[in-house]
Amino acid sequence: MLWNIDQTLLDVTKVTRAAYAEAFAAVTGRPLVALPQMVGYTEPEIFFDALGRNGVSLRADGESERLVIPFGAEFATRLADRRDQLTAQGSLMPGAAEALAAVRGMNAVVQSVLTGSSRPNAALKLRVFGLDRYLDLAVGGFAGSEVYPKGTLLRVVRLRAEEKYGVSFTESATIYVADSPRDVEAAKTGGATSVAVASGRASAGELRDAGADLVLPDLMDPGPLVALITTQGA
């Protein structure tokens, strides 16, 4: 079972945007005036979008690509500096902790994450809300730190889990819980069952149209997830 983090398990949008703006200005020397697209995107994708929207030249000589690593480091530092604000100004999505706990109580289920965040940012967000205790982050996928797109990374995560636990995790028994149509597509690419939660910007109808296998209004009732896991693992 793989979980997306932002808008699926927790919402720290306000704090993230503030840290992002500070990091963007520090690395590019220009203020972040126009907000980039964030829903369903990885941190590098968001950064390149922000460059274009804010008039930073995307030069062909690779200058923009060379900014990605220093930006990622600066963003992680700025977000860590706002650690206390994450819980003060952010919140868990309704039912998130209870859903994680319910799944952890099931036999032969490994829970981790597949996220567009970098590893340090993902770990920080999960840790401050106490969600890391439910998840094996060692086998997780962090598209903000890795070279793979989410769909490919999902397959990589499956291999990591198989290597660590010494068992085969089939495509049919792999479930990805997220909140955007892009994540539904990633599940398809990675050969996983897609559970879409209408807790982000996408409506339940949009998530169904994207091809999600199961659409939930929220995580308040873990019953459908438990039932799906039982069926997929049978």
# chains A, B, ... in the order shown; residues from 1 in each chain; ligands from 1

$ residues_around --residues "region 37-42 of chain A" --least-positions-apart "5" --cutoff "10 Å" --atoms "only C-alpha atoms" --output "MDAnalysis selection string"
chainID A and resid 4 6:7 13 17 47 49:50 53 115:118 142:146 149:150 178:184 186 200:202

$ select_by_dssp --residues "region 76-227 of chain A" --states "strand (DSSP E or B)" --output "ChimeraX atom specification"
/A:91-92,112-115,141-142,175-178,193-197,214-216

$ write_last_selection --atoms "all heavy atoms" --output "short mmCIF file (atom, residue, chain, number, x, y, z; two decimals), in the first residue's frame"
data_model
loop_
_atom_site.label_atom_id
_atom_site.label_comp_id
_atom_site.auth_asym_id
_atom_site.auth_seq_id
_atom_site.Cartn_x
_atom_site.Cartn_y
_atom_site.Cartn_z
N SER A 91 -2.71 20.69 8.86
CA SER A 91 -3.61 19.75 9.51
C SER A 91 -3.56 18.39 8.83
O SER A 91 -3.19 18.28 7.65
CB SER A 91 -5.05 20.27 9.47
OG SER A 91 -5.50 20.39 8.12
N LEU A 92 -3.94 17.37 9.59
CA LEU A 92 -4.14 16.05 9.00
C LEU A 92 -5.43 16.06 8.21
O LEU A 92 -6.38 16.75 8.57
CB LEU A 92 -4.24 15.00 10.11
CG LEU A 92 -2.95 14.57 10.81
CD1 LEU A 92 -3.28 13.68 12.00
CD2 LEU A 92 -2.04 13.83 9.83
N SER A 112 3.97 2.28 2.62
CA SER A 112 5.01 3.26 2.40
C SER A 112 4.41 4.42 1.63
O SER A 112 3.19 4.58 1.60
CB SER A 112 6.19 2.64 1.64
OG SER A 112 7.30 3.53 1.64
N VAL A 113 5.25 5.25 1.03
CA VAL A 113 4.77 6.43 0.32
C VAL A 113 5.30 6.47 -1.11
O VAL A 113 6.37 5.94 -1.41
CB VAL A 113 5.17 7.75 1.03
CG1 VAL A 113 4.54 7.82 2.41
CG2 VAL A 113 6.69 7.88 1.13
N LEU A 114 4.53 7.10 -1.97
CA LEU A 114 4.96 7.46 -3.31
C LEU A 114 4.55 8.92 -3.47
O LEU A 114 3.37 9.23 -3.60
CB LEU A 114 4.30 6.59 -4.36
CG LEU A 114 4.66 6.93 -5.82
CD1 LEU A 114 6.14 6.68 -6.08
CD2 LEU A 114 3.81 6.13 -6.79
N THR A 115 5.53 9.81 -3.42
CA THR A 115 5.24 11.23 -3.30
C THR A 115 6.08 12.07 -4.24
O THR A 115 7.19 11.66 -4.62
CB THR A 115 5.47 11.69 -1.84
OG1 THR A 115 5.33 13.11 -1.74
CG2 THR A 115 6.87 11.33 -1.38
N GLY A 141 9.03 5.89 -2.36
CA GLY A 141 9.44 6.58 -3.58
C GLY A 141 9.28 8.08 -3.40
O GLY A 141 8.20 8.55 -3.04
N PHE A 142 10.35 8.81 -3.66
CA PHE A 142 10.37 10.26 -3.43
C PHE A 142 10.77 10.95 -4.74
O PHE A 142 11.95 11.17 -5.02
CB PHE A 142 11.35 10.59 -2.31
CG PHE A 142 11.07 9.83 -1.04
CD1 PHE A 142 11.64 8.58 -0.82
CD2 PHE A 142 10.19 10.34 -0.09
CE1 PHE A 142 11.37 7.87 0.34
CE2 PHE A 142 9.91 9.63 1.07
CZ PHE A 142 10.49 8.39 1.29
N ILE A 175 -1.37 -1.17 -4.22
CA ILE A 175 -2.42 -0.15 -4.21
C ILE A 175 -1.78 1.22 -3.95
O ILE A 175 -0.94 1.37 -3.08
CB ILE A 175 -3.46 -0.45 -3.11
CG1 ILE A 175 -4.12 -1.81 -3.37
CG2 ILE A 175 -4.51 0.65 -3.03
CD1 ILE A 175 -4.99 -2.30 -2.22
N TYR A 176 -2.19 2.20 -4.75
CA TYR A 176 -1.69 3.57 -4.57
C TYR A 176 -2.86 4.48 -4.23
O TYR A 176 -3.82 4.60 -4.99
CB TYR A 176 -1.01 4.04 -5.86
CG TYR A 176 -0.40 5.43 -5.77
CD1 TYR A 176 0.17 5.91 -4.60
CD2 TYR A 176 -0.38 6.26 -6.89
CE1 TYR A 176 0.73 7.17 -4.53
CE2 TYR A 176 0.19 7.52 -6.84
CZ TYR A 176 0.74 7.97 -5.66
OH TYR A 176 1.30 9.24 -5.59
N VAL A 177 -2.77 5.12 -3.07
CA VAL A 177 -3.83 6.02 -2.58
C VAL A 177 -3.36 7.46 -2.77
O VAL A 177 -2.34 7.87 -2.20
CB VAL A 177 -4.15 5.76 -1.10
CG1 VAL A 177 -5.35 6.60 -0.66
CG2 VAL A 177 -4.42 4.28 -0.85
N ALA A 178 -4.10 8.24 -3.54
CA ALA A 178 -3.71 9.61 -3.82
C ALA A 178 -4.95 10.45 -4.12
O ALA A 178 -6.07 9.98 -3.93
CB ALA A 178 -2.72 9.65 -4.99
N THR A 193 -3.31 -0.76 -8.45
CA THR A 193 -4.71 -0.39 -8.27
C THR A 193 -4.75 1.03 -7.72
O THR A 193 -4.02 1.37 -6.81
CB THR A 193 -5.39 -1.35 -7.28
OG1 THR A 193 -5.37 -2.67 -7.84
CG2 THR A 193 -6.82 -0.94 -7.02
N SER A 194 -5.61 1.85 -8.29
CA SER A 194 -5.68 3.26 -7.91
C SER A 194 -6.86 3.53 -7.00
O SER A 194 -8.01 3.29 -7.37
CB SER A 194 -5.79 4.13 -9.17
OG SER A 194 -6.02 5.48 -8.82
N VAL A 195 -6.56 4.04 -5.81
CA VAL A 195 -7.59 4.53 -4.90
C VAL A 195 -7.46 6.05 -4.87
O VAL A 195 -6.42 6.58 -4.49
CB VAL A 195 -7.43 3.97 -3.48
CG1 VAL A 195 -8.46 4.60 -2.54
CG2 VAL A 195 -7.58 2.45 -3.49
N ALA A 196 -8.49 6.74 -5.32
CA ALA A 196 -8.45 8.20 -5.39
C ALA A 196 -9.36 8.79 -4.32
O ALA A 196 -10.52 8.40 -4.21
CB ALA A 196 -8.89 8.67 -6.78
N VAL A 197 -8.81 9.70 -3.54
CA VAL A 197 -9.56 10.35 -2.47
C VAL A 197 -9.86 11.78 -2.90
O VAL A 197 -8.95 12.53 -3.25
CB VAL A 197 -8.76 10.35 -1.15
CG1 VAL A 197 -9.62 10.88 -0.01
CG2 VAL A 197 -8.24 8.96 -0.83
N LEU A 214 -11.09 2.90 -7.42
CA LEU A 214 -11.97 3.17 -6.28
C LEU A 214 -11.86 4.65 -5.94
O LEU A 214 -10.75 5.18 -5.84
CB LEU A 214 -11.56 2.32 -5.07
CG LEU A 214 -12.31 2.59 -3.75
CD1 LEU A 214 -13.79 2.21 -3.88
CD2 LEU A 214 -11.67 1.80 -2.59
N VAL A 215 -12.99 5.31 -5.77
CA VAL A 215 -13.01 6.73 -5.40
C VAL A 215 -13.68 6.86 -4.04
O VAL A 215 -14.78 6.35 -3.84
CB VAL A 215 -13.75 7.58 -6.45
CG1 VAL A 215 -13.80 9.04 -6.01
CG2 VAL A 215 -13.06 7.47 -7.81
N LEU A 216 -13.00 7.57 -3.14
CA LEU A 216 -13.53 7.80 -1.80
C LEU A 216 -13.71 9.30 -1.58
O LEU A 216 -12.90 10.10 -2.05
CB LEU A 216 -12.57 7.25 -0.74
CG LEU A 216 -12.20 5.77 -0.83
CD1 LEU A 216 -11.13 5.43 0.22
CD2 LEU A 216 -13.44 4.90 -0.61
#

$ residues_around --residues "region 227-229 of chain A" --least-positions-apart "5" --cutoff "9 Å" --atoms "only C-alpha atoms" --output "VMD selection string"
chain A and resid 1 103 106 109 173 to 175 214 222 234

$ write_last_selection --atoms "N, CA and C atoms" --output "PDB file, in the first residue's frame"
ATOM      1  N   MET A   1       0.848  -1.178   0.000  1.00  0.00           N
ATOM      2  CA  MET A   1       0.000   0.000   0.000  1.00  0.00           C
ATOM      3  C   MET A   1       0.895   1.243   0.000  1.00  0.00           C
ATOM      4  N   VAL A 103      -4.908  -0.066   8.349  1.00  0.00           N
ATOM      5  CA  VAL A 103      -4.165  -0.872   7.388  1.00  0.00           C
ATOM      6  C   VAL A 103      -2.964  -1.531   8.053  1.00  0.00           C
ATOM      7  N   MET A 106      -3.443  -4.980   9.529  1.00  0.00           N
ATOM      8  CA  MET A 106      -3.700  -6.119   8.660  1.00  0.00           C
ATOM      9  C   MET A 106      -2.425  -6.944   8.452  1.00  0.00           C
ATOM     10  N   VAL A 109       0.749  -6.742   5.085  1.00  0.00           N
ATOM     11  CA  VAL A 109       0.618  -5.488   4.341  1.00  0.00           C
ATOM     12  C   VAL A 109       1.780  -4.564   4.720  1.00  0.00           C
ATOM     13  N   ALA A 173      -1.663  -6.690  -6.372  1.00  0.00           N
ATOM     14  CA  ALA A 173      -1.691  -6.533  -4.920  1.00  0.00           C
ATOM     15  C   ALA A 173      -1.041  -5.230  -4.473  1.00  0.00           C
ATOM     16  N   THR A 174      -0.715  -4.347  -5.423  1.00  0.00           N
ATOM     17  CA  THR A 174      -0.127  -3.049  -5.093  1.00  0.00           C
ATOM     18  C   THR A 174      -1.195  -1.975  -5.249  1.00  0.00           C
ATOM     19  N   ILE A 175      -1.367  -1.168  -4.225  1.00  0.00           N
ATOM     20  CA  ILE A 175      -2.415  -0.149  -4.206  1.00  0.00           C
ATOM     21  C   ILE A 175      -1.785   1.220  -3.953  1.00  0.00           C
ATOM     22  N   LEU A 214     -11.087   2.902  -7.417  1.00  0.00           N
ATOM     23  CA  LEU A 214     -11.967   3.171  -6.280  1.00  0.00           C
ATOM     24  C   LEU A 214     -11.857   4.646  -5.941  1.00  0.00           C
ATOM     25  N   PRO A 222     -12.365   3.667   6.997  1.00  0.00           N
ATOM     26  CA  PRO A 222     -11.326   2.823   6.396  1.00  0.00           C
ATOM     27  C   PRO A 222     -11.875   1.509   5.830  1.00  0.00           C
ATOM     28  N   ALA A 234      -6.295 -11.569  -2.000  1.00  0.00           N
ATOM     29  CA  ALA A 234      -6.832 -12.935  -1.963  1.00  0.00           C
ATOM     30  C   ALA A 234      -6.280 -13.767  -3.100  1.00  0.00           C
TER      31      ALA A 234
END

$ residues_around --residues "Leu10 (chain A)" --least-positions-apart "4" --cutoff "12 Å" --atoms "only C-alpha atoms" --output "PDB file with N, CA and C atoms, in the first residue's frame"
ATOM      1  N   TRP A   3       1.070   5.474  -0.305  1.00  0.00           N
ATOM      2  CA  TRP A   3       0.280   6.676  -0.048  1.00  0.00           C
ATOM      3  C   TRP A   3       0.954   7.898  -0.636  1.00  0.00           C
ATOM      4  N   ASN A   4       0.171   8.732  -1.288  1.00  0.00           N
ATOM      5  CA  ASN A   4       0.601  10.093  -1.560  1.00  0.00           C
ATOM      6  C   ASN A   4       0.513  10.859  -0.234  1.00  0.00           C
ATOM      7  N   ILE A   5       1.222  11.967  -0.116  1.00  0.00           N
ATOM      8  CA  ILE A   5       1.239  12.681   1.168  1.00  0.00           C
ATOM      9  C   ILE A   5       0.352  13.930   1.144  1.00  0.00           C
ATOM     10  N   ASP A   6       0.739  14.906   0.338  1.00  0.00           N
ATOM     11  CA  ASP A   6       0.045  16.202   0.366  1.00  0.00           C
ATOM     12  C   ASP A   6      -1.354  16.104  -0.211  1.00  0.00           C
ATOM     13  N   LYS A  14      -0.093  26.130   3.082  1.00  0.00           N
ATOM     14  CA  LYS A  14       0.285  27.505   3.421  1.00  0.00           C
ATOM     15  C   LYS A  14       1.755  27.592   3.801  1.00  0.00           C
ATOM     16  N   THR A  16       4.152  25.343   3.148  1.00  0.00           N
ATOM     17  CA  THR A  16       4.980  24.922   2.020  1.00  0.00           C
ATOM     18  C   THR A  16       5.177  26.060   1.034  1.00  0.00           C
ATOM     19  N   LEU A  86       4.253  23.812  10.638  1.00  0.00           N
ATOM     20  CA  LEU A  86       3.579  22.748   9.906  1.00  0.00           C
ATOM     21  C   LEU A  86       2.352  22.242  10.664  1.00  0.00           C
ATOM     22  N   THR A  87       2.510  22.026  11.962  1.00  0.00           N
ATOM     23  CA  THR A  87       1.374  21.560  12.748  1.00  0.00           C
ATOM     24  C   THR A  87       0.476  22.707  13.206  1.00  0.00           C
ATOM     25  N   GLN A  89      -0.160  25.559  11.502  1.00  0.00           N
ATOM     26  CA  GLN A  89      -0.930  26.101  10.385  1.00  0.00           C
ATOM     27  C   GLN A  89      -1.428  25.024   9.416  1.00  0.00           C
ATOM     28  N   GLY A  90      -0.945  23.794   9.591  1.00  0.00           N
ATOM     29  CA  GLY A  90      -1.381  22.693   8.744  1.00  0.00           C
ATOM     30  C   GLY A  90      -2.293  21.755   9.513  1.00  0.00           C
ATOM     31  N   SER A  91      -2.705  20.688   8.855  1.00  0.00           N
ATOM     32  CA  SER A  91      -3.611  19.746   9.513  1.00  0.00           C
ATOM     33  C   SER A  91      -3.564  18.385   8.833  1.00  0.00           C
ATOM     34  N   LEU A  92      -3.935  17.369   9.588  1.00  0.00           N
ATOM     35  CA  LEU A  92      -4.138  16.054   9.004  1.00  0.00           C
ATOM     36  C   LEU A  92      -5.435  16.062   8.206  1.00  0.00           C
ATOM     37  N   MET A  93      -5.472  15.308   7.128  1.00  0.00           N
ATOM     38  CA  MET A  93      -6.728  15.137   6.417  1.00  0.00           C
ATOM     39  C   MET A  93      -7.638  14.258   7.277  1.00  0.00           C
ATOM     40  N   PRO A  94      -8.937  14.508   7.268  1.00  0.00           N
ATOM     41  CA  PRO A  94      -9.858  13.744   8.114  1.00  0.00           C
ATOM     42  C   PRO A  94      -9.734  12.239   7.884  1.00  0.00           C
ATOM     43  N   GLY A  95      -9.492  11.521   8.970  1.00  0.00           N
ATOM     44  CA  GLY A  95      -9.422  10.071   8.919  1.00  0.00           C
ATOM     45  C   GLY A  95      -8.086   9.503   8.501  1.00  0.00           C
ATOM     46  N   ALA A  96      -7.103  10.348   8.199  1.00  0.00           N
ATOM     47  CA  ALA A  96      -5.833   9.858   7.672  1.00  0.00           C
ATOM     48  C   ALA A  96      -5.113   8.936   8.655  1.00  0.00           C
ATOM     49  N   ALA A  97      -4.937   9.396   9.884  1.00  0.00           N
ATOM     50  CA  ALA A  97      -4.228   8.582  10.873  1.00  0.00           C
ATOM     51  C   ALA A  97      -4.978   7.285  11.155  1.00  0.00           C
ATOM     52  N   ALA A 122       9.436  15.015   2.733  1.00  0.00           N
ATOM     53  CA  ALA A 122       8.396  14.038   3.029  1.00  0.00           C
ATOM     54  C   ALA A 122       8.530  13.519   4.448  1.00  0.00           C
ATOM     55  N   LYS A 125       7.404  16.161   7.068  1.00  0.00           N
ATOM     56  CA  LYS A 125       5.952  16.341   7.153  1.00  0.00           C
ATOM     57  C   LYS A 125       5.287  15.170   7.860  1.00  0.00           C
ATOM     58  N   LEU A 126       5.717  13.973   7.540  1.00  0.00           N
ATOM     59  CA  LEU A 126       5.118  12.790   8.175  1.00  0.00           C
ATOM     60  C   LEU A 126       5.476  12.727   9.654  1.00  0.00           C
ATOM     61  N   ARG A 127       6.720  13.068   9.975  1.00  0.00           N
ATOM     62  CA  ARG A 127       7.192  12.949  11.354  1.00  0.00           C
ATOM     63  C   ARG A 127       6.480  13.931  12.285  1.00  0.00           C
ATOM     64  N   VAL A 128       6.299  15.175  11.852  1.00  0.00           N
ATOM     65  CA  VAL A 128       5.697  16.160  12.756  1.00  0.00           C
ATOM     66  C   VAL A 128       4.235  15.834  13.059  1.00  0.00           C
ATOM     67  N   PHE A 129       3.588  15.093  12.169  1.00  0.00           N
ATOM     68  CA  PHE A 129       2.207  14.692  12.420  1.00  0.00           C
ATOM     69  C   PHE A 129       2.100  13.274  12.977  1.00  0.00           C
ATOM     70  N   GLY A 130       3.240  12.649  13.235  1.00  0.00           N
ATOM     71  CA  GLY A 130       3.245  11.319  13.836  1.00  0.00           C
ATOM     72  C   GLY A 130       2.810  10.200  12.915  1.00  0.00           C
ATOM     73  N   LEU A 131       2.867  10.428  11.612  1.00  0.00           N
ATOM     74  CA  LEU A 131       2.426   9.399  10.670  1.00  0.00           C
ATOM     75  C   LEU A 131       3.550   8.454  10.262  1.00  0.00           C
ATOM     76  N   ALA A 178      -4.100   8.236  -3.537  1.00  0.00           N
ATOM     77  CA  ALA A 178      -3.707   9.614  -3.823  1.00  0.00           C
ATOM     78  C   ALA A 178      -4.949  10.448  -4.119  1.00  0.00           C
ATOM     79  N   ASP A 179      -4.753  11.680  -4.592  1.00  0.00           N
ATOM     80  CA  ASP A 179      -5.902  12.586  -4.697  1.00  0.00           C
ATOM     81  C   ASP A 179      -6.014  13.325  -6.014  1.00  0.00           C
ATOM     82  N   SER A 199     -10.064  14.552  -1.723  1.00  0.00           N
ATOM     83  CA  SER A 199      -9.690  15.453  -0.634  1.00  0.00           C
ATOM     84  C   SER A 199      -8.858  16.624  -1.131  1.00  0.00           C
ATOM     85  N   GLY A 200      -8.466  16.585  -2.406  1.00  0.00           N
ATOM     86  CA  GLY A 200      -7.686  17.673  -2.981  1.00  0.00           C
ATOM     87  C   GLY A 200      -8.557  18.547  -3.855  1.00  0.00           C
ATOM     88  N   ASP A 218     -13.397  10.758   1.314  1.00  0.00           N
ATOM     89  CA  ASP A 218     -12.375  11.083   2.305  1.00  0.00           C
ATOM     90  C   ASP A 218     -11.894   9.771   2.910  1.00  0.00           C
ATOM     91  N   LEU A 219     -11.105   9.864   3.984  1.00  0.00           N
ATOM     92  CA  LEU A 219     -10.575   8.663   4.624  1.00  0.00           C
ATOM     93  C   LEU A 219     -11.256   8.371   5.958  1.00  0.00           C
TER      94      LEU A 219
END

$ closest_residue --among "A:Gln111, A:Asn121, A:Ser172, A:Thr152" --to "Asp213 (chain A)" --atoms "only C-alpha atoms"
A:Ser172

$ residues_around --residues "Glu171 (chain A)" --least-positions-apart "6" --cutoff "9 Å" --atoms "only C-alpha atoms" --output "count of residues only"
6

$ closest_residue --among "A:Val226, A:Ala210, A:Val167, A:Val27" --to "Ile69 (chain A)" --atoms "only C-alpha atoms"
A:Val27

$ atom_distance --atom1 "CA of Arg160 (chain A)" --atom2 "CA of Leu67 (chain A)"
29.2 Å
